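Data block for work-v1.txt (compact mmCIF, C-alpha atoms and all ligand atoms):
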```
# COMPACT_ATOMS: atom_id res chain seq x y z
CA MET K 67 13.91 7.43 22.73
CA GLY K 68 13.69 5.80 19.36
CA GLU K 69 16.57 4.81 17.12
CA ARG K 70 16.98 7.17 14.17
CA LEU K 71 17.86 6.41 10.60
CA ARG K 72 18.11 8.90 7.76
CA VAL K 73 16.93 8.35 4.19
CA GLU K 74 19.34 10.45 2.11
CA LEU K 75 17.49 12.06 -0.78
CA GLY K 76 18.89 15.60 -0.90
CA SER K 77 16.16 18.13 -0.14
CA ARG K 78 13.67 15.28 0.24
CA SER K 79 15.68 13.50 2.97
CA TYR K 80 13.83 12.34 6.07
CA GLU K 81 14.19 10.35 9.25
CA ILE K 82 12.78 6.99 10.20
CA ILE K 83 12.41 6.61 13.95
CA VAL K 84 12.01 3.10 15.33
CA GLY K 85 11.29 2.17 18.94
CA GLU K 86 8.81 1.50 21.71
CA ARG K 87 5.86 3.70 22.69
CA LEU K 88 6.56 6.34 20.06
CA LEU K 89 2.89 7.06 19.51
CA ALA K 90 2.59 8.71 22.92
CA ARG K 91 5.47 11.02 21.95
CA ALA K 92 4.33 11.57 18.38
CA GLY K 93 3.58 15.25 19.07
CA THR K 94 7.25 15.99 19.72
CA TYR K 95 8.43 14.23 16.57
CA VAL K 96 5.68 15.56 14.31
CA ALA K 97 6.11 19.13 15.58
CA GLN K 98 9.73 19.00 14.36
CA VAL K 99 8.61 18.56 10.75
CA ALA K 100 5.17 20.23 10.69
CA ARG K 101 5.02 23.61 8.96
CA GLY K 102 1.71 24.56 10.58
CA ASN K 103 -0.48 23.48 13.47
CA ARG K 104 -3.13 21.54 11.56
CA ALA K 105 -3.09 17.87 10.63
CA VAL K 106 -5.43 15.40 8.97
CA ILE K 107 -5.06 11.87 10.37
CA VAL K 108 -6.06 9.15 7.92
CA THR K 109 -6.62 5.73 9.47
CA ASP K 110 -8.79 2.62 9.17
CA GLU K 111 -11.48 1.38 11.55
CA ASN K 112 -9.33 -1.31 13.18
CA VAL K 113 -6.35 0.94 13.82
CA GLY K 114 -8.54 3.95 14.62
CA THR K 115 -10.32 2.10 17.43
CA LEU K 116 -7.00 1.17 18.99
CA TYR K 117 -4.72 4.16 18.47
CA LEU K 118 -6.46 7.25 17.06
CA HIS K 119 -7.18 8.89 20.38
CA ARG K 120 -3.67 8.38 21.64
CA LEU K 121 -2.26 10.02 18.51
CA MET K 122 -4.72 12.92 18.55
CA GLY K 123 -3.88 13.52 22.21
CA ALA K 124 -0.15 13.42 21.54
CA LEU K 125 -0.46 15.97 18.72
CA GLU K 126 -2.77 18.18 20.77
CA GLU K 127 -0.17 18.30 23.57
CA LYS K 128 2.18 20.05 21.14
CA GLY K 129 -0.52 22.39 19.85
CA ILE K 130 -1.34 20.47 16.67
CA GLY K 131 -5.07 20.13 16.07
CA SER K 132 -6.17 17.19 13.97
CA LEU K 133 -9.09 16.10 11.85
CA PRO K 134 -9.50 12.30 11.84
CA ILE K 135 -10.71 10.49 8.73
CA VAL K 136 -11.51 6.84 9.40
CA LEU K 137 -11.85 4.50 6.42
CA PRO K 138 -12.93 0.87 6.17
CA PRO K 139 -10.07 -1.63 6.55
CA GLY K 140 -8.87 -3.79 3.68
CA GLU K 141 -7.28 -3.64 0.25
CA GLN K 142 -10.57 -2.48 -1.38
CA THR K 143 -10.04 0.87 0.35
CA LYS K 144 -7.11 1.62 -1.99
CA CYS K 145 -9.50 2.68 -4.76
CA PHE K 146 -10.58 5.75 -6.71
CA ALA K 147 -13.85 6.08 -4.80
CA GLN K 148 -12.15 6.18 -1.39
CA ALA K 149 -9.38 8.45 -2.70
CA GLU K 150 -12.00 10.87 -4.01
CA SER K 151 -14.04 10.87 -0.85
CA LEU K 152 -10.91 11.28 1.28
CA MET K 153 -9.68 14.25 -0.76
CA GLU K 154 -13.11 15.91 -0.87
CA THR K 155 -13.36 15.59 2.92
CA VAL K 156 -9.93 17.15 3.37
CA LEU K 157 -10.84 19.99 1.00
CA GLU K 158 -14.13 20.64 2.83
CA HIS K 159 -12.00 21.59 5.81
CA LYS K 160 -10.13 24.22 3.79
CA PRO K 161 -6.55 22.99 4.13
CA ASP K 162 -3.66 25.30 3.34
CA ARG K 163 -0.19 24.47 2.06
CA ASP K 164 0.95 23.90 5.64
CA THR K 165 -1.67 21.28 6.49
CA LEU K 166 -0.02 17.98 7.29
CA ILE K 167 -1.40 14.58 6.31
CA VAL K 168 -0.67 11.81 8.82
CA ALA K 169 -1.12 8.19 7.71
CA LEU K 170 -1.84 5.97 10.73
CA GLY K 171 -2.22 2.36 9.62
CA GLY K 172 -0.90 -0.43 7.45
CA GLY K 173 0.24 -0.27 3.84
CA VAL K 174 -3.28 0.33 2.58
CA ILE K 175 -3.67 3.57 4.55
CA GLY K 176 -0.05 4.61 3.89
CA ASP K 177 -0.34 4.14 0.13
CA LEU K 178 -3.72 5.85 -0.14
CA ALA K 179 -2.97 8.78 2.20
CA GLY K 180 0.46 9.26 0.61
CA PHE K 181 -1.11 9.36 -2.83
CA ALA K 182 -3.75 11.86 -1.72
CA ALA K 183 -1.04 14.01 -0.09
CA SER K 184 0.96 13.99 -3.32
CA ILE K 185 -1.82 15.58 -5.34
CA LEU K 186 -3.83 17.64 -2.82
CA LEU K 187 -3.03 21.32 -3.46
CA ARG K 188 -0.23 19.95 -5.70
CA GLY K 189 1.42 18.29 -2.73
CA LEU K 190 0.94 18.47 1.03
CA ASP K 191 3.56 17.22 3.48
CA TYR K 192 2.84 13.84 5.01
CA VAL K 193 4.05 11.67 7.86
CA GLN K 194 3.87 7.90 7.95
CA ILE K 195 2.98 6.16 11.21
CA PRO K 196 2.97 2.55 10.00
CA THR K 197 1.18 0.05 12.26
CA THR K 198 1.84 -3.30 10.56
CA LEU K 199 5.23 -4.98 10.37
CA LEU K 200 4.96 -4.95 6.58
CA ALA K 201 4.33 -1.21 6.56
CA GLN K 202 7.15 -0.55 9.07
CA VAL K 203 9.79 -2.37 7.04
CA ASP K 204 8.55 -1.76 3.54
CA SER K 205 5.59 0.32 2.38
CA SER K 206 6.13 3.37 4.60
CA VAL K 207 9.74 3.79 3.43
CA GLY K 208 10.74 4.88 -0.04
CA GLY K 209 7.91 7.13 -1.15
CA LYS K 210 5.95 4.89 -3.47
CA THR K 211 2.27 5.75 -3.17
CA ALA K 212 -0.62 4.19 -5.06
CA ILE K 213 -4.20 3.11 -5.42
CA ASN K 214 -5.52 0.19 -7.43
CA SER K 215 -7.34 0.28 -10.75
CA ARG K 216 -9.71 -2.29 -12.14
CA HIS K 217 -6.82 -3.03 -14.51
CA GLY K 218 -4.49 -4.01 -11.71
CA LYS K 219 -2.90 -3.18 -8.38
CA ASN K 220 -0.95 0.01 -7.72
CA LEU K 221 -1.36 1.28 -11.28
CA ILE K 222 -2.23 4.83 -10.23
CA GLY K 223 0.28 6.53 -7.98
CA SER K 224 3.31 8.69 -7.53
CA PHE K 225 6.78 8.82 -6.06
CA TYR K 226 6.33 11.14 -3.10
CA GLN K 227 8.50 11.00 0.00
CA PRO K 228 7.12 11.48 3.51
CA ARG K 229 8.65 14.06 5.88
CA LEU K 230 9.01 11.52 8.66
CA VAL K 231 8.34 7.84 9.40
CA LEU K 232 7.50 6.81 12.98
CA ALA K 233 7.66 3.05 13.46
CA ASP K 234 6.33 2.29 16.95
CA VAL K 235 7.02 -1.38 17.65
CA SER K 236 4.59 -1.33 20.58
CA VAL K 237 1.57 -1.08 18.27
CA LEU K 238 2.52 -4.39 16.65
CA SER K 239 1.33 -6.17 19.80
CA SER K 240 -2.27 -5.91 18.60
CA LEU K 241 -1.46 -7.13 15.10
CA PRO K 242 -2.86 -10.60 14.35
CA ARG K 243 -0.03 -13.18 14.30
CA ARG K 244 -0.72 -14.05 10.69
CA GLU K 245 -0.19 -10.40 9.65
CA ARG K 246 3.02 -10.22 11.68
CA LEU K 247 4.29 -13.37 10.03
CA ALA K 248 3.42 -12.01 6.59
CA GLY K 249 5.40 -8.85 7.39
CA TYR K 250 8.32 -10.96 8.56
CA SER K 251 8.59 -12.33 5.06
CA GLU K 252 9.65 -8.84 3.84
CA VAL K 253 12.22 -8.65 6.67
CA LEU K 254 13.65 -11.94 5.48
CA LYS K 255 13.67 -10.56 1.94
CA TYR K 256 16.30 -7.96 2.87
CA ALA K 257 18.51 -10.68 4.34
CA LEU K 258 18.16 -12.85 1.26
CA ILE K 259 18.89 -9.96 -1.13
CA ASP K 260 22.25 -8.86 0.20
CA ASP K 261 22.83 -9.48 3.87
CA ALA K 262 23.84 -13.04 4.78
CA GLY K 263 24.87 -11.86 8.26
CA PHE K 264 21.33 -10.64 8.84
CA PHE K 265 20.03 -14.06 7.75
CA ASP K 266 22.22 -15.69 10.43
CA TRP K 267 20.87 -13.23 12.99
CA LEU K 268 17.29 -13.98 11.93
CA GLN K 269 17.89 -17.69 12.30
CA GLU K 270 18.77 -17.00 15.94
CA HIS K 271 16.12 -14.40 16.67
CA ALA K 272 13.10 -15.05 14.42
CA ALA K 273 11.07 -16.45 17.31
CA GLU K 274 11.60 -13.27 19.37
CA VAL K 275 10.68 -11.09 16.41
CA LEU K 276 7.53 -13.10 15.79
CA GLU K 277 6.58 -13.10 19.47
CA GLY K 278 6.82 -9.32 19.42
CA LYS K 279 9.86 -8.86 21.72
CA ALA K 280 10.58 -5.14 21.43
CA GLY K 281 14.37 -5.38 21.27
CA ALA K 282 14.44 -7.98 18.50
CA LEU K 283 11.69 -6.22 16.58
CA THR K 284 13.46 -2.86 16.76
CA ARG K 285 16.68 -4.42 15.46
CA ALA K 286 14.90 -6.30 12.64
CA ILE K 287 12.99 -3.19 11.57
CA LEU K 288 16.06 -0.95 11.69
CA VAL K 289 18.18 -3.32 9.61
CA SER K 290 15.33 -3.71 7.12
CA CYS K 291 14.71 0.03 6.82
CA ARG K 292 18.44 0.69 6.49
CA ALA K 293 18.60 -1.78 3.62
CA LYS K 294 15.60 -0.28 1.87
CA ALA K 295 16.77 3.30 2.52
CA ALA K 296 20.17 2.54 0.98
CA ILE K 297 18.62 1.13 -2.17
CA VAL K 298 16.08 3.96 -2.45
CA ALA K 299 18.80 6.59 -1.94
CA GLU K 300 20.64 5.11 -4.91
CA ASP K 301 17.64 4.57 -7.16
CA GLU K 302 14.62 6.58 -5.99
CA ARG K 303 12.48 5.98 -9.09
CA GLU K 304 13.26 2.34 -9.73
CA SER K 305 15.33 2.55 -12.87
CA GLY K 306 17.89 0.01 -11.68
CA LYS K 307 18.92 -1.28 -8.27
CA ARG K 308 15.52 -0.75 -6.66
CA ALA K 309 14.29 -3.70 -8.75
CA LEU K 310 16.18 -5.98 -6.32
CA LEU K 311 13.47 -5.19 -3.78
CA ASN K 312 11.16 -7.22 -6.00
CA PHE K 313 12.96 -10.41 -4.98
CA GLY K 314 10.31 -13.15 -4.95
CA HIS K 315 7.69 -10.64 -6.07
CA THR K 316 7.19 -11.64 -9.71
CA PHE K 317 6.08 -15.08 -8.55
CA ALA K 318 4.20 -13.55 -5.60
CA HIS K 319 2.19 -11.12 -7.72
CA ALA K 320 1.10 -13.90 -10.06
CA LEU K 321 0.01 -16.13 -7.16
CA GLU K 322 -1.85 -13.24 -5.53
CA ALA K 323 -3.58 -12.30 -8.77
CA GLU K 324 -4.76 -15.91 -9.08
CA THR K 325 -6.08 -16.01 -5.51
CA GLY K 326 -7.75 -12.60 -5.75
CA TYR K 327 -5.63 -10.58 -3.28
CA GLY K 328 -7.69 -11.78 -0.36
CA ASP K 329 -7.43 -13.75 2.83
CA ALA K 330 -6.64 -16.96 0.96
CA LEU K 331 -3.07 -15.70 0.46
CA LEU K 332 -1.62 -12.60 2.13
CA HIS K 333 1.03 -10.62 0.26
CA GLY K 334 3.82 -11.64 2.64
CA GLU K 335 2.85 -15.30 2.36
CA ALA K 336 2.98 -14.99 -1.41
CA VAL K 337 6.41 -13.36 -1.09
CA ALA K 338 7.65 -16.27 1.05
CA ILE K 339 6.57 -18.72 -1.64
CA GLY K 340 7.92 -16.43 -4.35
CA MET K 341 11.36 -16.24 -2.70
CA SER K 342 11.48 -20.05 -2.48
CA LEU K 343 10.60 -20.29 -6.16
CA ALA K 344 13.26 -17.70 -7.03
CA PHE K 345 15.81 -19.85 -5.19
CA ALA K 346 14.51 -23.00 -6.89
CA LEU K 347 14.74 -21.34 -10.30
CA SER K 348 18.30 -20.19 -9.53
CA VAL K 349 19.25 -23.74 -8.49
CA ARG K 350 17.73 -25.08 -11.69
CA MET K 351 19.81 -22.59 -13.71
CA ASN K 352 22.94 -23.79 -11.87
CA LEU K 353 23.45 -20.35 -10.37
CA CYS K 354 22.90 -21.31 -6.77
CA PRO K 355 23.86 -24.35 -4.65
CA GLU K 356 20.84 -26.44 -3.64
CA GLU K 357 21.88 -26.31 0.03
CA GLU K 358 21.08 -22.57 0.03
CA LEU K 359 17.53 -23.26 -1.17
CA LEU K 360 17.13 -25.88 1.55
CA ARG K 361 18.38 -23.46 4.24
CA VAL K 362 15.78 -20.91 3.18
CA MET K 363 13.01 -23.50 3.09
CA ARG K 364 13.96 -24.78 6.54
CA HIS K 365 13.86 -21.25 7.93
CA LEU K 366 10.44 -20.56 6.41
CA ALA K 367 9.11 -23.82 7.85
CA GLN K 368 10.52 -22.97 11.29
CA CYS K 369 8.75 -19.61 11.21
CA GLY K 370 5.49 -21.11 9.94
CA LEU K 371 5.58 -19.44 6.54
CA PRO K 372 4.67 -21.38 3.39
CA SER K 373 7.37 -22.19 0.84
CA SER K 374 5.27 -23.91 -1.81
CA PRO K 375 2.14 -22.82 -3.68
CA LEU K 376 0.72 -26.23 -2.80
CA ALA K 377 0.50 -25.08 0.82
CA VAL K 378 -2.21 -22.68 -0.34
CA ARG K 379 -4.15 -24.87 -2.72
CA ALA K 380 -3.72 -28.00 -4.78
CA ASN K 381 -4.72 -26.91 -8.27
CA TRP K 382 -2.94 -24.02 -9.95
CA ASP K 383 -3.25 -23.08 -13.60
CA VAL K 384 0.35 -22.85 -14.87
CA GLU K 385 -0.62 -21.02 -18.07
CA ALA K 386 -2.60 -18.44 -16.11
CA LEU K 387 0.47 -17.81 -13.94
CA MET K 388 2.67 -17.51 -17.05
CA GLU K 389 0.19 -14.93 -18.39
CA HIS K 390 0.70 -12.81 -15.28
CA PHE K 391 4.49 -12.80 -15.76
CA SER K 392 4.02 -11.57 -19.29
CA ARG K 393 1.70 -8.81 -18.09
CA ASP K 394 4.12 -7.82 -15.32
CA LYS K 395 6.01 -5.52 -17.78
CA LYS K 396 8.90 -7.94 -17.51
CA VAL K 397 8.98 -9.59 -20.92
CA ARG K 398 11.51 -9.31 -23.70
CA GLY K 399 10.50 -11.71 -26.46
CA GLU K 400 10.79 -15.22 -25.08
CA SER K 401 12.72 -14.02 -22.02
CA LEU K 402 11.46 -12.85 -18.65
CA THR K 403 13.05 -10.61 -16.04
CA PHE K 404 13.43 -12.14 -12.57
CA VAL K 405 15.47 -11.36 -9.51
CA LEU K 406 17.63 -14.48 -9.15
CA THR K 407 20.28 -15.44 -6.64
CA ARG K 408 23.71 -17.03 -6.29
CA GLY K 409 22.93 -17.83 -2.66
CA ILE K 410 21.72 -16.19 0.55
CA GLY K 411 22.58 -12.49 0.34
CA LYS K 412 23.52 -12.65 -3.34
CA ALA K 413 20.48 -11.59 -5.36
CA PHE K 414 20.77 -10.00 -8.80
CA VAL K 415 18.48 -8.94 -11.63
CA ALA K 416 18.43 -11.25 -14.67
CA HIS K 417 16.74 -10.06 -17.87
CA ASP K 418 17.21 -13.24 -19.85
CA VAL K 419 15.31 -15.98 -18.09
CA GLU K 420 13.82 -18.35 -20.65
CA LYS K 421 10.05 -18.58 -20.38
CA GLU K 422 10.16 -22.31 -20.98
CA LEU K 423 12.44 -22.87 -18.00
CA VAL K 424 10.04 -21.03 -15.74
CA ARG K 425 7.11 -23.01 -17.14
CA GLN K 426 8.91 -26.29 -16.40
CA LEU K 427 9.74 -25.16 -12.87
CA LEU K 428 6.10 -24.31 -12.22
CA ILE K 429 4.84 -27.57 -13.68
CA GLU K 430 7.14 -29.47 -11.34
CA HIS K 431 6.35 -27.38 -8.27
CA LEU K 432 2.62 -27.25 -8.81
CA ARG K 433 2.04 -30.90 -9.47
CA PRO K 434 0.13 -32.21 -6.46
CA ALA K 435 2.05 -34.93 -4.64
CA PRO K 436 0.73 -38.32 -5.83
CA LEU K 437 -1.39 -40.18 -3.31
CA ASP K 438 0.61 -42.95 -1.78
CA ILE K 439 -1.86 -45.79 -2.18
CA ALA K 440 0.64 -48.38 -0.99
CA LYS K 441 0.20 -47.14 2.59
N1 LIG V 501 4.32 1.63 -1.21
C1 LIG V 501 5.08 0.57 -1.18
O1 LIG V 501 6.29 0.63 -1.42
C2 LIG V 501 4.47 -0.74 -0.77
C3 LIG V 501 5.29 -1.83 -0.49
C4 LIG V 501 4.70 -3.01 -0.05
C5 LIG V 501 3.32 -3.09 0.07
N2 LIG V 501 2.55 -2.00 -0.24
C6 LIG V 501 1.08 -2.05 -0.11
O2 LIG V 501 0.76 -2.29 1.26
C7 LIG V 501 -0.54 -2.87 1.32
C8 LIG V 501 -0.54 -3.96 2.36
O3 LIG V 501 -0.22 -3.41 3.61
P1 LIG V 501 -0.50 -4.19 4.98
O4 LIG V 501 -0.03 -5.57 4.87
O5 LIG V 501 0.03 -3.32 6.05
O6 LIG V 501 -2.09 -4.31 5.00
P2 LIG V 501 -3.26 -3.45 5.65
O7 LIG V 501 -2.98 -2.01 5.66
O8 LIG V 501 -4.51 -3.89 4.98
O9 LIG V 501 -3.28 -3.98 7.15
C9 LIG V 501 -3.58 -5.32 7.42
C10 LIG V 501 -4.70 -5.46 8.46
O10 LIG V 501 -4.19 -5.18 9.76
C11 LIG V 501 -4.99 -4.20 10.43
N3 LIG V 501 -4.07 -3.49 11.29
C12 LIG V 501 -3.11 -2.60 10.93
N4 LIG V 501 -2.36 -2.26 11.99
C13 LIG V 501 -2.84 -2.92 13.06
C14 LIG V 501 -2.47 -3.01 14.41
N5 LIG V 501 -1.40 -2.35 14.89
N6 LIG V 501 -3.20 -3.78 15.24
C15 LIG V 501 -4.26 -4.49 14.76
N7 LIG V 501 -4.63 -4.48 13.47
C16 LIG V 501 -3.94 -3.70 12.63
C17 LIG V 501 -5.60 -3.41 9.32
O11 LIG V 501 -6.77 -2.78 9.72
C18 LIG V 501 -5.86 -4.49 8.27
O12 LIG V 501 -7.06 -5.16 8.57
C19 LIG V 501 -0.87 -3.36 -0.07
O13 LIG V 501 -1.86 -2.55 -0.63
C20 LIG V 501 0.44 -3.20 -0.83
O14 LIG V 501 0.25 -2.89 -2.20
C21 LIG V 501 3.10 -0.85 -0.65
ZN ZN V 502 6.21 -6.98 -0.90
```

Show this structure as structure tokens.
Amino acid sequence: MGERLRVELGSRSYEIIVGERLLARAGTYVAQVARGNRAVIVTDENVGTLYLHRLMGALEEKGIGSLPIVLPPGEQTKCFAQAESLMETVLEHKPDRDTLIVALGGGVIGDLAGFAASILLRGLDYVQIPTTLLAQVDSSVGGKTAINSRHGKNLIGSFYQPRLVLADVSVLSSLPRRERLAGYSEVLKYALIDDAGFFDWLQEHAAEVLEGKAGALTRAILVSCRAKAAIVAEDERESGKRALLNFGHTFAHALEAETGYGDALLHGEAVAIGMSLAFALSVRMNLCPEEELLRVMRHLAQCGLPSSPLAVRANWDVEALMEHFSRDKKVRGESLTFVLTRGIGKAFVAHDVEKELVRQLLIEHLRPAPLDIAK
């Protein structure tokens, strides 16, 4: 049996179920929310090879027939062309209003399938079966769906809540360690935003989470989803509190844009660096004791996550990064909006961060360490 958690959004409320070997029992859970007996499973090649048959079998056991659509893996799949081809394929099979879309995969599949579900026949129900740690603690919860445009990431999308999220921790065993670590960064984010007790717990249990121990993973995912669900329930469409979830993300997005959203820097790695920079900026503004920054940096180092952009490459263009902040819809004259912190578990949104201060911080943090020629 999985642990259940409810996202309270009135008539759009739904459950997140977290636990081991849920995929094999997916038919039971999905049947509880399905309006009909037909489903379309959207997945990618990597996840499809590993888990598609198990899911199709589990649905079949409960009388739900499914059409699988297998897409190429990777961020490039979140595009207009794939969205079009996905939706045309679904339509070829003559769906009706009761056809259920099931997203089986990481954030790429969840975002794309959720977006397609939101506009197919003006909205089909969908279920998220996230298979990366990042998707289990973040992208599958909260109902943000999107594809990318040539003008930027996630610029085309909708707020559209799933009917159910099934987070099976067992499927994380096949996830490459680097992806698991990147997902862990979002887990840590919830602790740093407003849960110092969770940070203490993570300090004790990070190794178990990263090794894939089911008990520790289930706990970490549940606490993370509960944190996100609470914020989403209060601010579904990101007009206020939901912005806290962007802790570390303004820096992260700029770093990712500069590295081209590829293997050079995964999103979670960028978030780890971004959270360190947010702490460093808060220390510089005398909002946060330096010891708190050091605690966070020590934890990141223990886990094997980067805390400085210099861990990724030596030469960064500060002005290019500043440009990204300005484009990030977060400018008011000479001020920028950042999520800052007064310490671990004490994040808040600040609309009045001076651009110049941020520039100075970056210049200091991005200066390569001088070669010690005396040695
Ligand atoms: N909607 C939101 O609120 C939200 C929040 C955060 C991130 N996102 C989006 O999520 C996306 C990133 O998601 P992601 O990190 O899950 O990446 P992803 O979906 O690309 O998955 C990462 C890689 O892992 C593989 N994979 C997935 N599950 C696996 C498993 N169990 N075993 C082995 N391999 C597996 C995938 O095939 C892929 O190659 C981005 O597009 C980002 O914009 C959305
Ligand atoms: Zn993120």

Exercise for review: Write out as number ranges by chain the residues lying within 12 Å of Gly218 of chain K, counting only C-alpha atoms and excluding same-chain residues fewer than 3 positions away.
Suggested key: K: 144-145, 212-215, 221-222, 319-320, 322-323, 326-327, 390, 393-394

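Of the listed residues K:Ala248, K:Ala169, K:Ile185, K:Val96, the one whose atoms come nearest to ligand LIG 501 (chain V) is K:Ala248, with distances taken using all atoms listed in the file.
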
Please work out which residues fall within 6 Å of (1.5, 4.0, -0.9), coordinates as given in the file, with all atoms listed in the file counting, and return them as a compact mmCIF listing (two decimals) with C-alpha atoms, in the coordinates of the input.
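Dumped everything to point-v2.txt:
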```
# COMPACT_ATOMS: atom_id res chain seq x y z
CA GLY K 176 -0.05 4.61 3.89
CA ASP K 177 -0.34 4.14 0.13
CA LEU K 178 -3.72 5.85 -0.14
CA GLY K 180 0.46 9.26 0.61
CA LYS K 210 5.95 4.89 -3.47
CA THR K 211 2.27 5.75 -3.17
CA ALA K 212 -0.62 4.19 -5.06
```

Exercise for review: Report as number ranges by chain which protein, DNA and RNA residues come within 7 Å of ligand LIG 501 (chain V), using all atoms listed in the file.
Suggested key: K: 110-113, 139-141, 144, 171-175, 177, 197-201, 204-212, 219-220, 237-242, 245, 249, 333

Practice item. Rank nothing, just name the residue among K:Gln98, K:Thr109, K:Ser184, K:Asn312 nearest to ligand ZN 502 (chain V), using only C-alpha atoms and all ligand atoms. Key: K:Asn312

**Study point:** Contacts with ligand ZN 502 (chain V) at most 7 Å, only C-alpha atoms and all ligand atoms counted, listed as a PyMOL selection string
**Key:** chain K and resi 252+315+333-334+337

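Nearest residue to Glu300 of chain K, choosing from K:Gly409, K:Gly223, K:Gly76, K:Pro375 and counting only C-alpha atoms: K:Gly76.
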
**Study point:** Counting all atoms listed in the file, the residue of K:Asp260, K:Glu81, K:Glu86, K:Glu127 that sits nearest Phe414 of chain K
**Key:** K:Asp260

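The point (2.6, -16.0, 3.6) has these residues within 8 Å of it when all atoms listed in the file are used: K:Leu247, K:Ala248, K:Ser251, K:Leu331, K:Leu332, K:His333, K:Gly334, K:Glu335, K:Ala336, K:Val337, K:Ala338, K:Ile339, K:Leu371, K:Pro372.
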
Atoms are missing here; could segment 371-387 of chain K be completed with N, CA and C atoms and written as an mmCIF file, in the frame of the given file?
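File written: rebuild-v7.cif
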```
data_model
loop_
_atom_site.group_PDB
_atom_site.id
_atom_site.type_symbol
_atom_site.label_atom_id
_atom_site.label_comp_id
_atom_site.auth_asym_id
_atom_site.auth_seq_id
_atom_site.Cartn_x
_atom_site.Cartn_y
_atom_site.Cartn_z
ATOM 1 N N LEU K 371 5.956 -20.048 7.823
ATOM 2 C CA LEU K 371 5.580 -19.440 6.540
ATOM 3 C C LEU K 371 5.575 -20.518 5.447
ATOM 4 N N PRO K 372 4.705 -20.383 4.459
ATOM 5 C CA PRO K 372 4.670 -21.380 3.390
ATOM 6 C C PRO K 372 5.856 -21.212 2.435
ATOM 7 N N SER K 373 6.312 -22.327 1.843
ATOM 8 C CA SER K 373 7.370 -22.190 0.840
ATOM 9 C C SER K 373 6.934 -22.781 -0.497
ATOM 10 N N SER K 374 5.740 -23.347 -0.542
ATOM 11 C CA SER K 374 5.270 -23.910 -1.810
ATOM 12 C C SER K 374 3.840 -23.452 -2.079
ATOM 13 N N PRO K 375 3.522 -23.201 -3.348
ATOM 14 C CA PRO K 375 2.140 -22.820 -3.680
ATOM 15 C C PRO K 375 1.151 -23.891 -3.271
ATOM 16 N N LEU K 376 1.623 -25.132 -3.166
ATOM 17 C CA LEU K 376 0.720 -26.230 -2.800
ATOM 18 C C LEU K 376 0.255 -26.121 -1.346
ATOM 19 N N ALA K 377 0.948 -25.297 -0.558
ATOM 20 C CA ALA K 377 0.500 -25.080 0.820
ATOM 21 C C ALA K 377 -0.785 -24.250 0.826
ATOM 22 N N VAL K 378 -1.038 -23.561 -0.268
ATOM 23 C CA VAL K 378 -2.210 -22.680 -0.340
ATOM 24 C C VAL K 378 -3.385 -23.400 -0.981
ATOM 25 N N ARG K 379 -3.113 -24.054 -2.095
ATOM 26 C CA ARG K 379 -4.150 -24.870 -2.720
ATOM 27 C C ARG K 379 -3.502 -25.884 -3.661
ATOM 28 N N ALA K 380 -4.293 -26.875 -4.043
ATOM 29 C CA ALA K 380 -3.720 -28.000 -4.780
ATOM 30 C C ALA K 380 -3.670 -27.743 -6.293
ATOM 31 N N ASN K 381 -4.664 -27.047 -6.807
ATOM 32 C CA ASN K 381 -4.720 -26.910 -8.270
ATOM 33 C C ASN K 381 -4.435 -25.488 -8.730
ATOM 34 N N TRP K 382 -3.317 -25.314 -9.383
ATOM 35 C CA TRP K 382 -2.940 -24.020 -9.950
ATOM 36 C C TRP K 382 -2.914 -24.159 -11.472
ATOM 37 N N ASP K 383 -3.257 -23.083 -12.144
ATOM 38 C CA ASP K 383 -3.250 -23.080 -13.600
ATOM 39 C C ASP K 383 -1.912 -22.456 -14.064
ATOM 40 N N VAL K 384 -0.995 -23.315 -14.516
ATOM 41 C CA VAL K 384 0.350 -22.850 -14.870
ATOM 42 C C VAL K 384 0.288 -21.778 -15.961
ATOM 43 N N GLU K 385 -0.574 -22.001 -16.967
ATOM 44 C CA GLU K 385 -0.620 -21.020 -18.070
ATOM 45 C C GLU K 385 -1.152 -19.674 -17.596
ATOM 46 N N ALA K 386 -2.087 -19.711 -16.655
ATOM 47 C CA ALA K 386 -2.600 -18.440 -16.110
ATOM 48 C C ALA K 386 -1.482 -17.698 -15.385
ATOM 49 N N LEU K 387 -0.653 -18.447 -14.641
ATOM 50 C CA LEU K 387 0.470 -17.810 -13.940
ATOM 51 C C LEU K 387 1.457 -17.230 -14.955
#
```
